[in-house]
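Trainee: One structure follows; several queries about it will come next.
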Amino acid sequence: MEESSSDSQQKSGKTKYQLILIASLKKEIEMARRLDPEKLAHELEKTGFSCQYCGKCCRRAFGDNRVVLTPPEIEKIQKHTGLSKLEIAGPLIPETCQPEETGNKEEDRDREIDREISFVQPEISKTDEEPFSETSPLFELLKEDIDSEGNIHAYGWMLRQKRNGDCIFLEKETNRCRIYPVRPMLCSTYPFYIEGLKLYTCECEGLGGHISTEESRKLAEALLSRYIAELEDTLAMYEKYEDFEKGKEGLEIARNNLEKGTCVYVVHDSKGVTKIIN
């Protein structure tokens, strides 16, 4: 007797949308493993790239600089730095407005200095730290992910940021990365990424620069490894994911928490769920 999709859904405890995503991810992973690294390397060499070490990709002032992390990447950074998981990573939340400038260069410079943090004790980002109202852009973006208990559900992790939005591991004076040997896959393959089996680029001053055949091959291998690893990580997350109940009471609880400067997150990742209070 053939099992219906509704029977399968009931047994697995997964939503129909979740099952569709899982099937789609499995198919994409299978196709990704068949991509030709030599063709990708040729495309990279044709595009060209040479890092300018400007640090703009790590700075919030030049656009969305969020760095998505998988649990294995967080663990590598932990071993390298001795920092805790929550000192390194926070919930992956939507991009929000940049920190405001006063218009006074001297005052803005002083604020920038005040925002700088030490390598040993990273601060949480402006977004995580400051309370915001129900009418704020961030709250509007998060409303659909708030459960009946007022918890905000996030789907993955991102590198912590300084109060000005810059990466916590960016050395301001030199534009160097403090965790370069264990930097995330996104950073080591920037400004390139693969999505839907196609190669794309982010805005970067290094595009068009010289890249050798050997370097392009190494980058192609790294890009494919990243692409497959991220797909597999997302697949594992959806396979473990359990849906949650929503309700007006949850929105009210979350609003009250946020007004007090507290965010209660439930982070879903490939290892399960983690509840944290920011």
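Residues are named by chain letter and number: chains run A, B, ... in the order of the structure tokens, numbers start at 1 in each chain, and ligands are numbered from 1 in the order shown.
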Write down as a list in words the residues belonging to stretch 27-248 of chain A that are assigned strand (DSSP E) by DSSP computed on the backbone.
Mentor: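 The strand (DSSP E) residues within stretch 27-248 of chain A come out as Val68, Leu69, Ala89, Gly90, Pro91, Ile152, His153, Ala154, Tyr155, Trp157, Met158, Leu159, Leu170, Glu171, Arg176, Cys177, Phe192, Tyr193, Ile194, Glu195, Lys198, Leu199, Tyr200 and Thr201 of chain A.
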Trainee: Env of A:Lys240: 6 Å cut, atoms = only C-alpha atoms, seq-sep filter 2 positions within chain, self excluded. Answer as a PyMOL selection string.
Mentor: chain A and resi 237-238+272
Trainee: Near A:Tyr180, within 12 Å and counting only C-alpha atoms, which residues show up once chain neighbours fewer than 4 positions away are dropped, as an NGL selection string?
Mentor: :A and (76-77 or 80-81 or 169-171 or 175-176 or 184-185 or 187-188)
Trainee: Quick one: everything within 6 Å of stretch 84-92 of chain A, counting only C-alpha atoms, minus sequence neighbours fewer than 6 positions away in the same chain. Send it as number ranges by chain.
Mentor: A: 154, 156-160
Trainee: Can you pull out every residue within 6 Å of stretch 164-168 of chain A, counting only C-alpha atoms, but drop anything in the same chain fewer than 5 positions away, and send it as a count of residues only?
Mentor: 3
Trainee: Would you kindly return, as JSON, numbers by chain, each protein, DNA or RNA residue with an atom no farther than 7 Å from any atom of A:Thr189, considering only C-alpha atoms and excluding same-chain residues fewer than 5 positions away?
Mentor: {"A": [219, 222, 223]}
Trainee: Generate the output file for the selected residues, C-alpha atoms, as a JSON list (two decimals), in the first residue's frame.
Mentor:
[["chain", "number", "residue", "atom", "x", "y", "z"],
["A", 219, "LEU", "CA", 39.78, 28.79, -4.91],
["A", 222, "ALA", "CA", 37.36, 25.88, -1.66],
["A", 223, "LEU", "CA", 34.20, 27.32, -3.20]]
Trainee: When you look at A:Thr213 with a cut-off of 9 Å (counting only C-alpha atoms), what residues show up, excluding the ones that are within fewer than 5 positions of it in the same chain? I need them as a PyMOL selection string.
Mentor: chain A and resi 41-42+45+218
Trainee: Can you work out the spacing between atom CA of A:Ile228 and atom CA of A:Ala23 in Å, to one decimal?
Mentor: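 Answer for the atom CA of A:Ile228 to atom CA of A:Ala23 separation: 15.1 Å.
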Trainee: Determine the nearest neighbour of A:Ile22 from the options A:Ile146, A:Val67, A:Ala236, A:Ile211, counting only C-alpha atoms.
Mentor: A:Ala236
Trainee: For a test of reading the model, state the distance in Å between atom CA of A:Ser270 and atom CA of A:Leu142, rounded to one decimal.
Mentor: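 We find that atom CA of A:Ser270 and atom CA of A:Leu142 lie 21.0 Å from each other.
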Trainee: Just to confirm, what's the straight-line distance from atom CA of A:Glu205 to atom CA of A:Lys162 in Å (one decimal)?
Mentor: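 For atom CA of A:Glu205 relative to atom CA of A:Lys162, the distance reads 23.5 Å.
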Trainee: Could you tell me, as an MDAnalysis selection string, which residues of stretch 29-262 of chain A DSSP assigns to alpha helix (DSSP H) when given the backbone?
Mentor: chainID A and resid 29:32 37:47 71:81 85:88 105:115 126:129 137:142 185:189 213:240 248:259
Trainee: Go through A:Leu141, A:Ala254, A:Ile194, A:Cys51 and flag the residue nearest A:Glu95, using only C-alpha atoms for the distances.
Mentor: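 The closest residue to A:Glu95 is A:Leu141.
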Trainee: With only C-alpha atoms as the basis for distance, which of A:Glu73, A:Glu144, A:Gly63, A:Pro94 is at the shortest distance from A:Lys248?
Mentor: A:Glu144
Trainee: Of the candidates A:Leu69, A:Val267, A:Ile277, A:Cys204, which one gets nearest to A:Val182 if we count only C-alpha atoms?
Mentor: A:Leu69
